[in-house]
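Engineer: First, the structure itself, so that you have it in front of you.
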Amino acid sequence: MKPVILCVDDDISVLRSLEGLINETFGGMCHLEIAQSGQEALEIVESILAVKQDIALVITDYSMPDMNGDELVCKLCNRLPLATMALMTGFNDADIIARTVNAGRLDRFISKPWDNNELTTIIFDILKMYMLKKELNKKNTELTLASEMARIGMVRINYQAGLIQLSDEWFTVFGYNKENVKLDFNFYESLFCPEDRYTLARIRKDSLEGNSANSYCSEMKMKDAAGNWRYIKRCISAVEFDEHGHPIEYLGIDQDLTDQKYREKLLAQAQEKSEILDNLAEQVTFLTTDMKVIWTNRIPQGCTTTQKSGYICYEQWYGLDKPCTGCVVQKALTTGQKCTTEIARNGRVDSMIAIPIKNEQNTVIGIIVSQTDITEQKQIEMRLAHAQQMESIGSLAAGIAHEINTPIQYIGDNLTYLSKAFTRVNENCQQLISELKGLNYEDEILIKSLESSVTNLEMVPDAISDALAGVDHVSKIIVAMKDFSHPSIDNYGQVDLNQAINNAITISRNEWKYIAELTTDFQEDQLIIDAVPNSISQVLLNLIINSAHAIAEKYGTDGRDKGTISIHTYHSDNYAILEVKDDGCGIKDSIKSRIFDPFFTSKDVGKGTGQGLAIAYDIVSKKHNGSIDFESTEGQGTTFTVRLPLERAKNTELSANSDLIATI
C-alpha cells in the first residue's frame, strides 16, 4: 500500500493548493488525506492505522480553532513513529518552533506562503527518508527475531570507562530480569566458570594497559538465571580506538550453544553408529524439541524428500501442518518419560517408541524415536488368536457332535423299527378285520373299533417318516460339524471342494436362511483339490457370511424381502474355480482397494474385526498359491472369484501350521 500524506488546515483554499501540488507531483508515490481540524485529523489517523496503512508525512497549520498544530503534533508523535511532522505557519516566530520541539516532535518547519519548488523538494526528501526508515525498522525487527532464534545477545564493553551494556535479547536468552540486575563488570564476569573468568580478567587488564587485541572469539561456560551452565560462543571486536590506535570499546555477541552442542554430540554418536543403524529393520530418528529431524537412518515410504535431516518430521513425512493426533514425540516431550504407541495407517501398523534425551540439568533437549513395522506381527497375532478360537470352538463342536450323534442314532434306529412295526400291526389289523367279516362275526362294535384303529395306524408311518427326515437333517449337520472342526486335518490333503461348500452352507445356514435364497451350481459331482481342509472351509465360511451381511445391509433382516446367494464351481486348466455371487449392497469404489487390508472393515464399530477377507486372502494367495478377486457394483452386488490349484506345487511341503511358524 502507498504511504499517506496528511494535510491539516482550517483554510480549505490552503488544502486545495496542497492537494493540487501533491497529487500532481507525487500521485504515483503516495495517497493524500486532508482535514480541516485537529480532531478530524486524529479520526483520520485512527482509520488509516486500523487498515494497517502507513503515514509518512503530517503537514499541519499552527493556528486552528479547536486545536493548535503543536498540540496535534504532541498527540500524534507516539502514534506515528515513522512519520515526519511538519508545522506550517505564517508567523515567523522562533518561540512557536521552540515550544513545538520541546512539547513533542517537530521535524520540519514550512513558512506560508510556500515556494512550490522548495516544498516539492522537502516532500520528496521526506518520502525518501520515510522509505529508508521503514527499511531500517524492518531490518531491526528481522535482526531482533534472528537474535532470539539464534539465541544471541549483544554486548557492548568500554574497558577504559568501566561501562558494559547488554541488549534486551541477552536478558531474554539467559533468563535474567534487567530490572533486578546491577549491571557492571563484577556481575557479568561472575556468571562465567572460574577458567573463563580468568580469561575475561586478562582481556580487561590488557585493554587497560593498551595491549589488547582488536578482536576475541572463544567458547565459554556461563551460568543462566536458573543456575544451569550454558555453553556460549563469545565474540567481540573493537569499534572505537584511542589516539594511539589501542582499542577502548568493543561490540560483540554472547551466543547460547548449549542445545546445539548436545545435538552435535548426539549427531556424532549417531553417525558413529550409522552403519549399524542403517542395517536395522527399524527406523531410528533423532529429533530436536521442536520436532526437527537431526538424522534418520531411513526415509519413510511415500515421503517426497530424500534428505535425512533438516526438516520438521510431520510436514515432510506425512504432509501435515501440525503434529499427528496422539503424537508419541509430544507425549515424551511433555512427560520427560519413555512413551510408546501403535499407529495404523494405510493398511500398515507401526510400533513407535519415543525416548527423551536429557542434558546434565535433566532438561529434555531431544528425542530418539524407534519406529517398527509390526503389520505382519499383528496379522500373525490375529491369525493365532483366531486359530485358537476356532480350535476351541472346533473341539467343542466336535465333542457336541459326537455326544449328539449316539442318541440320534438310537432315535433313528428306533424310529425305523417303529415304522416297520406299525406297518406290520396295520397289516395284521386289516387282515383280522377281513377274516372277521368273512366269518360273519356279529360284533360290529369290535369291527368298527378295529377299523378306527387301522385308520389311526395308517397316519403313524407318515409321522415317523417326518421324524426320520428331521433326524437325517440333524445327522447331516453333525457330519458337517465334524468335518469342519476335525482336529486331525491340519495338513494338506485331498479336499472335495463341492462337499466343503455344502458343509459350509449347512454350518452357516442360520446366517442366511431368513434373508436370502442360496443356490449351488456344481459343474461336476466332485471337484478334488490338494489343500488344507480347515483353511479352505474357513475361506468358504467367510465368503458366505460376507455375502449374507451384504444382503442384510441392503434388504434388512425382517425377511419380507430376500436376496440371493449363488455358488458356482468348475475347473479350468489346472485350477478349481469358485464363484460366490450375491445381490447385496456392493462395495464402494472408495474402499475397493482396501477390502483385503488387515484390520479394515466397512462395518460399524463392534460389528467387524476387519479380518475375514484378509484371512481369506492370506489362505488363498499365500498358503495355496491361488488368487482371490472380486467384481462389485455399489447397490447391485458382488462376485468373489477364487482360483485354487488342483495340485499343490511339489516344493510346497509345509503344513498350514508350520507355514505360520515359519512366518513368525
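Chain identifiers are assigned as A, B, and so on, following the order in which chains appear in the C-alpha cells; residues are numbered from 1 within each chain, and ligands are numbered from 1 in order of appearance.
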Among range 124-181 of chain A, which residues carry a DSSP assignment of helix (DSSP H, G or I), reported as an NGL selection string?
Structural biologist: :A and (124-149 or 168-174 or 178-180)
Engineer: Give me the residues within 9 Å of Tyr575 in chain A as a list in words, counting only C-alpha atoms and dropping any in the same chain fewer than 3 places off.
Structural biologist: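 These residues fall inside the cut-off: Ile529, Tyr570, His571, Ser572, Gly626, Arg643, Leu644, Pro645, Leu646 and Glu647 of chain A.
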Engineer: Show which residues sit within 10 Å of Ile411 in chain A, as a ChimeraX atom specification. Count only C-alpha atoms, and ignore same-chain residues fewer than 6 positions away.
Structural biologist: /A:405,417,467-468,471
Engineer: Restricting it to C-alpha atoms, dump the selection as a CSV table (one decimal), in the first residue's frame.
Structural biologist:
chain,number,residue,atom,x,y,z
A,405,ASN,CA,-24.6,-88.4,17.3
A,417,TYR,CA,-38.1,-100.1,13.9
A,467,ALA,CA,-39.3,-87.6,12.3
A,468,LEU,CA,-36.8,-89.6,10.3
A,471,VAL,CA,-33.1,-86.9,12.3
Engineer: Just the residues within 12 Å of Asp462 in chain A, please, counting only C-alpha atoms, with nothing from its chain fewer than 6 positions along; format it as a list in words.
Structural biologist: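 The residues that qualify are Leu415, Thr416, Leu418, Ser419, Lys420, Phe422, Thr423, Asn456, Leu468 and Ala469 of chain A.
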Engineer: Counting only C-alpha atoms, figure out which residue out of A:Leu80, A:Leu518, A:Ile232, A:Leu208 gets nearest to Leu191 in chain A.
Structural biologist: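 Checking each of A:Leu80, A:Leu518, A:Ile232, A:Leu208 against Leu191 in chain A, counting only C-alpha atoms, the winner is A:Ile232.
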Engineer: Which of these, A:Arg108, A:Lys623, A:Lys448, A:Lys205, has the shortest distance to Ser535 in chain A once you count only C-alpha atoms?
Structural biologist: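 For Ser535 in chain A, the nearest of the given residues is A:Lys623.
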Engineer: Show me, as a PDB file with N, CA, C and O atoms, in the first residue's frame, the residues that have an atom within 7 Å of range 581-598 of chain A when counting only C-alpha atoms, minus same-chain residues fewer than 3 positions from it.
Structural biologist:
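The resulting selection.pdb:
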ATOM      1  N   GLY A 347      -3.246 -49.360   5.948  1.00  0.00           N
ATOM      2  CA  GLY A 347      -3.064 -50.800   5.949  1.00  0.00           C
ATOM      3  C   GLY A 347      -1.793 -51.261   6.634  1.00  0.00           C
ATOM      4  O   GLY A 347      -1.457 -52.438   6.585  1.00  0.00           O
ATOM      5  N   GLN A 379      -0.849 -59.326  12.134  1.00  0.00           N
ATOM      6  CA  GLN A 379      -1.622 -60.307  11.367  1.00  0.00           C
ATOM      7  C   GLN A 379      -1.464 -61.702  11.966  1.00  0.00           C
ATOM      8  O   GLN A 379      -2.433 -62.445  12.113  1.00  0.00           O
ATOM      9  N   SER A 547     -21.333 -62.408   2.176  1.00  0.00           N
ATOM     10  CA  SER A 547     -22.465 -62.179   1.276  1.00  0.00           C
ATOM     11  C   SER A 547     -23.756 -61.979   2.067  1.00  0.00           C
ATOM     12  O   SER A 547     -24.579 -61.113   1.735  1.00  0.00           O
ATOM     13  N   ALA A 550     -23.850 -58.498   3.448  1.00  0.00           N
ATOM     14  CA  ALA A 550     -24.107 -57.504   2.406  1.00  0.00           C
ATOM     15  C   ALA A 550     -25.593 -57.475   2.043  1.00  0.00           C
ATOM     16  O   ALA A 550     -26.174 -56.401   1.818  1.00  0.00           O
ATOM     17  N   ILE A 551     -26.229 -58.655   1.983  1.00  0.00           N
ATOM     18  CA  ILE A 551     -27.662 -58.731   1.676  1.00  0.00           C
ATOM     19  C   ILE A 551     -28.481 -58.132   2.815  1.00  0.00           C
ATOM     20  O   ILE A 551     -29.455 -57.392   2.594  1.00  0.00           O
ATOM     21  N   GLU A 553     -27.593 -55.807   4.818  1.00  0.00           N
ATOM     22  CA  GLU A 553     -27.456 -54.355   4.792  1.00  0.00           C
ATOM     23  C   GLU A 553     -28.363 -53.730   3.747  1.00  0.00           C
ATOM     24  O   GLU A 553     -28.868 -52.617   3.931  1.00  0.00           O
ATOM     25  N   LYS A 554     -28.594 -54.446   2.652  1.00  0.00           N
ATOM     26  CA  LYS A 554     -29.425 -53.904   1.581  1.00  0.00           C
ATOM     27  C   LYS A 554     -30.917 -54.158   1.816  1.00  0.00           C
ATOM     28  O   LYS A 554     -31.745 -53.246   1.663  1.00  0.00           O
ATOM     29  N   GLY A 563     -32.645 -61.586  -0.518  1.00  0.00           N
ATOM     30  CA  GLY A 563     -31.654 -61.521  -1.583  1.00  0.00           C
ATOM     31  C   GLY A 563     -31.309 -62.914  -2.059  1.00  0.00           C
ATOM     32  O   GLY A 563     -31.939 -63.906  -1.674  1.00  0.00           O
ATOM     33  N   THR A 564     -30.299 -62.995  -2.914  1.00  0.00           N
ATOM     34  CA  THR A 564     -29.874 -64.297  -3.443  1.00  0.00           C
ATOM     35  C   THR A 564     -28.366 -64.439  -3.314  1.00  0.00           C
ATOM     36  O   THR A 564     -27.612 -63.488  -3.507  1.00  0.00           O
ATOM     37  N   ILE A 565     -27.968 -65.661  -2.969  1.00  0.00           N
ATOM     38  CA  ILE A 565     -26.554 -66.041  -2.965  1.00  0.00           C
ATOM     39  C   ILE A 565     -26.421 -67.260  -3.859  1.00  0.00           C
ATOM     40  O   ILE A 565     -27.141 -68.253  -3.670  1.00  0.00           O
ATOM     41  N   SER A 566     -25.557 -67.175  -4.841  1.00  0.00           N
ATOM     42  CA  SER A 566     -25.349 -68.324  -5.735  1.00  0.00           C
ATOM     43  C   SER A 566     -23.875 -68.703  -5.712  1.00  0.00           C
ATOM     44  O   SER A 566     -22.994 -67.841  -5.764  1.00  0.00           O
ATOM     45  N   ILE A 567     -23.636 -70.019  -5.630  1.00  0.00           N
ATOM     46  CA  ILE A 567     -22.264 -70.536  -5.565  1.00  0.00           C
ATOM     47  C   ILE A 567     -22.060 -71.467  -6.751  1.00  0.00           C
ATOM     48  O   ILE A 567     -22.826 -72.420  -6.950  1.00  0.00           O
ATOM     49  N   GLY A 610     -12.415 -56.730  10.651  1.00  0.00           N
ATOM     50  CA  GLY A 610     -11.547 -56.420   9.518  1.00  0.00           C
ATOM     51  C   GLY A 610     -10.602 -57.554   9.187  1.00  0.00           C
ATOM     52  O   GLY A 610      -9.585 -57.340   8.532  1.00  0.00           O
ATOM     53  N   GLN A 611     -10.924 -58.792   9.640  1.00  0.00           N
ATOM     54  CA  GLN A 611     -10.010 -59.915   9.438  1.00  0.00           C
ATOM     55  C   GLN A 611     -10.553 -60.985   8.492  1.00  0.00           C
ATOM     56  O   GLN A 611      -9.781 -61.767   7.957  1.00  0.00           O
ATOM     57  N   LEU A 613     -11.951 -61.142   5.301  1.00  0.00           N
ATOM     58  CA  LEU A 613     -11.429 -61.175   3.938  1.00  0.00           C
ATOM     59  C   LEU A 613      -9.907 -61.162   3.919  1.00  0.00           C
ATOM     60  O   LEU A 613      -9.290 -61.727   3.011  1.00  0.00           O
ATOM     61  N   ALA A 614      -9.283 -60.509   4.920  1.00  0.00           N
ATOM     62  CA  ALA A 614      -7.819 -60.511   4.992  1.00  0.00           C
ATOM     63  C   ALA A 614      -7.297 -61.925   5.206  1.00  0.00           C
ATOM     64  O   ALA A 614      -6.312 -62.351   4.584  1.00  0.00           O
ATOM     65  N   TYR A 617      -7.823 -63.947   2.010  1.00  0.00           N
ATOM     66  CA  TYR A 617      -6.789 -63.599   1.023  1.00  0.00           C
ATOM     67  C   TYR A 617      -5.469 -64.282   1.364  1.00  0.00           C
ATOM     68  O   TYR A 617      -4.779 -64.817   0.496  1.00  0.00           O
ATOM     69  N   SER A 632     -17.566 -55.738  -8.253  1.00  0.00           N
ATOM     70  CA  SER A 632     -18.662 -55.231  -7.431  1.00  0.00           C
ATOM     71  C   SER A 632     -19.190 -53.931  -7.997  1.00  0.00           C
ATOM     72  O   SER A 632     -18.429 -53.099  -8.495  1.00  0.00           O
ATOM     73  N   THR A 633     -20.502 -53.768  -7.917  1.00  0.00           N
ATOM     74  CA  THR A 633     -21.167 -52.510  -8.261  1.00  0.00           C
ATOM     75  C   THR A 633     -21.977 -52.081  -7.052  1.00  0.00           C
ATOM     76  O   THR A 633     -22.816 -52.843  -6.554  1.00  0.00           O
ATOM     77  N   GLU A 634     -21.715 -50.887  -6.584  1.00  0.00           N
ATOM     78  CA  GLU A 634     -22.395 -50.408  -5.384  1.00  0.00           C
ATOM     79  C   GLU A 634     -23.907 -50.408  -5.598  1.00  0.00           C
ATOM     80  O   GLU A 634     -24.415 -49.904  -6.586  1.00  0.00           O
ATOM     81  N   GLY A 635     -24.613 -51.030  -4.658  1.00  0.00           N
ATOM     82  CA  GLY A 635     -26.066 -51.097  -4.717  1.00  0.00           C
ATOM     83  C   GLY A 635     -26.597 -52.280  -5.499  1.00  0.00           C
ATOM     84  O   GLY A 635     -27.803 -52.541  -5.478  1.00  0.00           O
ATOM     85  N   GLN A 636     -25.715 -53.031  -6.211  1.00  0.00           N
ATOM     86  CA  GLN A 636     -26.185 -54.143  -7.050  1.00  0.00           C
ATOM     87  C   GLN A 636     -25.652 -55.496  -6.603  1.00  0.00           C
ATOM     88  O   GLN A 636     -26.314 -56.509  -6.793  1.00  0.00           O
ATOM     89  N   GLY A 637     -24.462 -55.535  -6.048  1.00  0.00           N
ATOM     90  CA  GLY A 637     -23.958 -56.810  -5.578  1.00  0.00           C
ATOM     91  C   GLY A 637     -22.497 -57.025  -5.884  1.00  0.00           C
ATOM     92  O   GLY A 637     -21.831 -56.184  -6.494  1.00  0.00           O
ATOM     93  N   THR A 638     -21.991 -58.193  -5.445  1.00  0.00           N
ATOM     94  CA  THR A 638     -20.568 -58.511  -5.546  1.00  0.00           C
ATOM     95  C   THR A 638     -20.385 -59.973  -5.929  1.00  0.00           C
ATOM     96  O   THR A 638     -21.157 -60.838  -5.497  1.00  0.00           O
ATOM     97  N   THR A 639     -19.357 -60.237  -6.725  1.00  0.00           N
ATOM     98  CA  THR A 639     -18.971 -61.606  -7.059  1.00  0.00           C
ATOM     99  C   THR A 639     -17.508 -61.803  -6.690  1.00  0.00           C
ATOM    100  O   THR A 639     -16.629 -61.098  -7.202  1.00  0.00           O
ATOM    101  N   PHE A 640     -17.250 -62.734  -5.779  1.00  0.00           N
ATOM    102  CA  PHE A 640     -15.876 -63.109  -5.436  1.00  0.00           C
ATOM    103  C   PHE A 640     -15.500 -64.346  -6.252  1.00  0.00           C
ATOM    104  O   PHE A 640     -16.272 -65.314  -6.320  1.00  0.00           O
TER     105      PHE A 640
END
Engineer: In Å, with one decimal, what is the gap from CA of Ile357 in chain A to CA of Ser370 in chain A?
Structural biologist: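 Computed distance, CA of Ile357 in chain A to CA of Ser370 in chain A, equals 13.3 Å.
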Engineer: Find the spatial neighbours of Ser63 in chain A, counting only C-alpha atoms, within a cut-off of 9 Å - ignore same-chain residues fewer than 4 positions away - and output them as a ChimeraX atom specification.
Structural biologist: /A:9-10,67-70,89
Engineer: Mind writing the picked residues with N, CA and C atoms as a PDB file, in the first residue's frame?
Structural biologist:
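Generated file (out.pdb):
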ATOM      1  N   ASP A   9      -5.436  21.837   7.868  1.00  0.00           N
ATOM      2  CA  ASP A   9      -5.515  23.306   7.882  1.00  0.00           C
ATOM      3  C   ASP A   9      -6.988  23.687   7.907  1.00  0.00           C
ATOM      4  N   ASP A  10      -7.333  24.732   8.665  1.00  0.00           N
ATOM      5  CA  ASP A  10      -8.738  25.139   8.707  1.00  0.00           C
ATOM      6  C   ASP A  10      -9.135  25.970   7.497  1.00  0.00           C
ATOM      7  N   MET A  67      -7.771  23.112  17.962  1.00  0.00           N
ATOM      8  CA  MET A  67      -6.528  22.509  18.431  1.00  0.00           C
ATOM      9  C   MET A  67      -5.381  23.081  17.615  1.00  0.00           C
ATOM     10  N   ASN A  68      -4.396  23.664  18.266  1.00  0.00           N
ATOM     11  CA  ASN A  68      -3.248  24.200  17.555  1.00  0.00           C
ATOM     12  C   ASN A  68      -2.381  23.080  16.993  1.00  0.00           C
ATOM     13  N   GLY A  69      -1.565  23.442  16.041  1.00  0.00           N
ATOM     14  CA  GLY A  69      -0.702  22.456  15.397  1.00  0.00           C
ATOM     15  C   GLY A  69       0.257  21.791  16.346  1.00  0.00           C
ATOM     16  N   ASP A  70       0.796  22.571  17.337  1.00  0.00           N
ATOM     17  CA  ASP A  70       1.741  21.951  18.263  1.00  0.00           C
ATOM     18  C   ASP A  70       1.051  20.916  19.147  1.00  0.00           C
ATOM     19  N   THR A  89       3.138  27.593   9.189  1.00  0.00           N
ATOM     20  CA  THR A  89       2.540  28.794   9.775  1.00  0.00           C
ATOM     21  C   THR A  89       3.008  30.038   9.038  1.00  0.00           C
TER      22      THR A  89
END
Engineer: Can you list, as a PDB file with N, CA and C atoms, in the first residue's frame, every protein, DNA or RNA residue that comes within 12 Å of Lys338 in chain A when you count only C-alpha atoms, leaving out same-chain residues fewer than 3 positions away?
Structural biologist:
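What ended up in part-v7.pdb:
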ATOM      1  N   VAL A 328       3.406 -39.468  19.799  1.00  0.00           N
ATOM      2  CA  VAL A 328       4.196 -40.041  20.884  1.00  0.00           C
ATOM      3  C   VAL A 328       5.386 -39.152  21.220  1.00  0.00           C
ATOM      4  N   VAL A 329       5.886 -38.391  20.238  1.00  0.00           N
ATOM      5  CA  VAL A 329       7.008 -37.478  20.495  1.00  0.00           C
ATOM      6  C   VAL A 329       6.570 -36.355  21.433  1.00  0.00           C
ATOM      7  N   GLN A 330       5.406 -35.781  21.162  1.00  0.00           N
ATOM      8  CA  GLN A 330       4.908 -34.718  22.031  1.00  0.00           C
ATOM      9  C   GLN A 330       4.660 -35.230  23.452  1.00  0.00           C
ATOM     10  N   LYS A 331       4.168 -36.455  23.572  1.00  0.00           N
ATOM     11  CA  LYS A 331       3.950 -37.027  24.898  1.00  0.00           C
ATOM     12  C   LYS A 331       5.271 -37.170  25.648  1.00  0.00           C
ATOM     13  N   ALA A 332       6.304 -37.635  24.942  1.00  0.00           N
ATOM     14  CA  ALA A 332       7.618 -37.793  25.569  1.00  0.00           C
ATOM     15  C   ALA A 332       8.203 -36.437  25.960  1.00  0.00           C
ATOM     16  N   LEU A 333       7.995 -35.420  25.111  1.00  0.00           N
ATOM     17  CA  LEU A 333       8.480 -34.078  25.417  1.00  0.00           C
ATOM     18  C   LEU A 333       7.768 -33.509  26.639  1.00  0.00           C
ATOM     19  N   THR A 334       6.464 -33.786  26.749  1.00  0.00           N
ATOM     20  CA  THR A 334       5.667 -33.242  27.849  1.00  0.00           C
ATOM     21  C   THR A 334       5.969 -33.943  29.166  1.00  0.00           C
ATOM     22  N   THR A 335       6.065 -35.275  29.119  1.00  0.00           N
ATOM     23  CA  THR A 335       6.241 -36.048  30.353  1.00  0.00           C
ATOM     24  C   THR A 335       7.692 -36.247  30.730  1.00  0.00           C
ATOM     25  N   THR A 341       3.463 -46.242  21.506  1.00  0.00           N
ATOM     26  CA  THR A 341       2.121 -46.276  20.912  1.00  0.00           C
ATOM     27  C   THR A 341       2.158 -47.130  19.664  1.00  0.00           C
ATOM     28  N   MET A 352       5.725 -47.413  17.759  1.00  0.00           N
ATOM     29  CA  MET A 352       6.603 -46.262  17.918  1.00  0.00           C
ATOM     30  C   MET A 352       6.999 -46.105  19.389  1.00  0.00           C
ATOM     31  N   ILE A 353       8.303 -45.923  19.617  1.00  0.00           N
ATOM     32  CA  ILE A 353       8.845 -45.699  20.959  1.00  0.00           C
ATOM     33  C   ILE A 353       9.613 -44.390  20.921  1.00  0.00           C
ATOM     34  N   ALA A 354       9.274 -43.453  21.807  1.00  0.00           N
ATOM     35  CA  ALA A 354       9.956 -42.164  21.892  1.00  0.00           C
ATOM     36  C   ALA A 354      10.665 -42.074  23.237  1.00  0.00           C
ATOM     37  N   ILE A 355      11.984 -41.833  23.195  1.00  0.00           N
ATOM     38  CA  ILE A 355      12.794 -41.772  24.415  1.00  0.00           C
ATOM     39  C   ILE A 355      13.422 -40.386  24.508  1.00  0.00           C
ATOM     40  N   PRO A 356      13.151 -39.625  25.589  1.00  0.00           N
ATOM     41  CA  PRO A 356      13.730 -38.291  25.723  1.00  0.00           C
ATOM     42  C   PRO A 356      15.246 -38.347  25.933  1.00  0.00           C
ATOM     43  N   ILE A 357      15.954 -37.369  25.357  1.00  0.00           N
ATOM     44  CA  ILE A 357      17.382 -37.181  25.591  1.00  0.00           C
ATOM     45  C   ILE A 357      17.523 -35.969  26.505  1.00  0.00           C
ATOM     46  N   LYS A 358      18.227 -36.144  27.610  1.00  0.00           N
ATOM     47  CA  LYS A 358      18.319 -35.069  28.601  1.00  0.00           C
ATOM     48  C   LYS A 358      19.764 -34.625  28.777  1.00  0.00           C
ATOM     49  N   VAL A 364      15.018 -31.907  28.854  1.00  0.00           N
ATOM     50  CA  VAL A 364      14.880 -32.610  27.573  1.00  0.00           C
ATOM     51  C   VAL A 364      15.377 -31.712  26.447  1.00  0.00           C
ATOM     52  N   ILE A 367      14.849 -36.005  21.202  1.00  0.00           N
ATOM     53  CA  ILE A 367      14.070 -37.249  21.286  1.00  0.00           C
ATOM     54  C   ILE A 367      14.652 -38.276  20.316  1.00  0.00           C
ATOM     55  N   ILE A 368      14.790 -39.516  20.780  1.00  0.00           N
ATOM     56  CA  ILE A 368      15.096 -40.635  19.888  1.00  0.00           C
ATOM     57  C   ILE A 368      13.796 -41.401  19.654  1.00  0.00           C
ATOM     58  N   VAL A 369      13.470 -41.633  18.398  1.00  0.00           N
ATOM     59  CA  VAL A 369      12.238 -42.355  18.048  1.00  0.00           C
ATOM     60  C   VAL A 369      12.582 -43.616  17.281  1.00  0.00           C
ATOM     61  N   SER A 370      12.067 -44.730  17.752  1.00  0.00           N
ATOM     62  CA  SER A 370      12.194 -46.006  17.042  1.00  0.00           C
ATOM     63  C   SER A 370      10.826 -46.373  16.480  1.00  0.00           C
TER      64      SER A 370
END
Engineer: Between CA of Ala226 in chain A and CA of Leu251 in chain A, what is the spacing in Å?
Structural biologist: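 Computing the Euclidean distance for CA of Leu251 in chain A and CA of Ala226 in chain A yields 26.3 Å.
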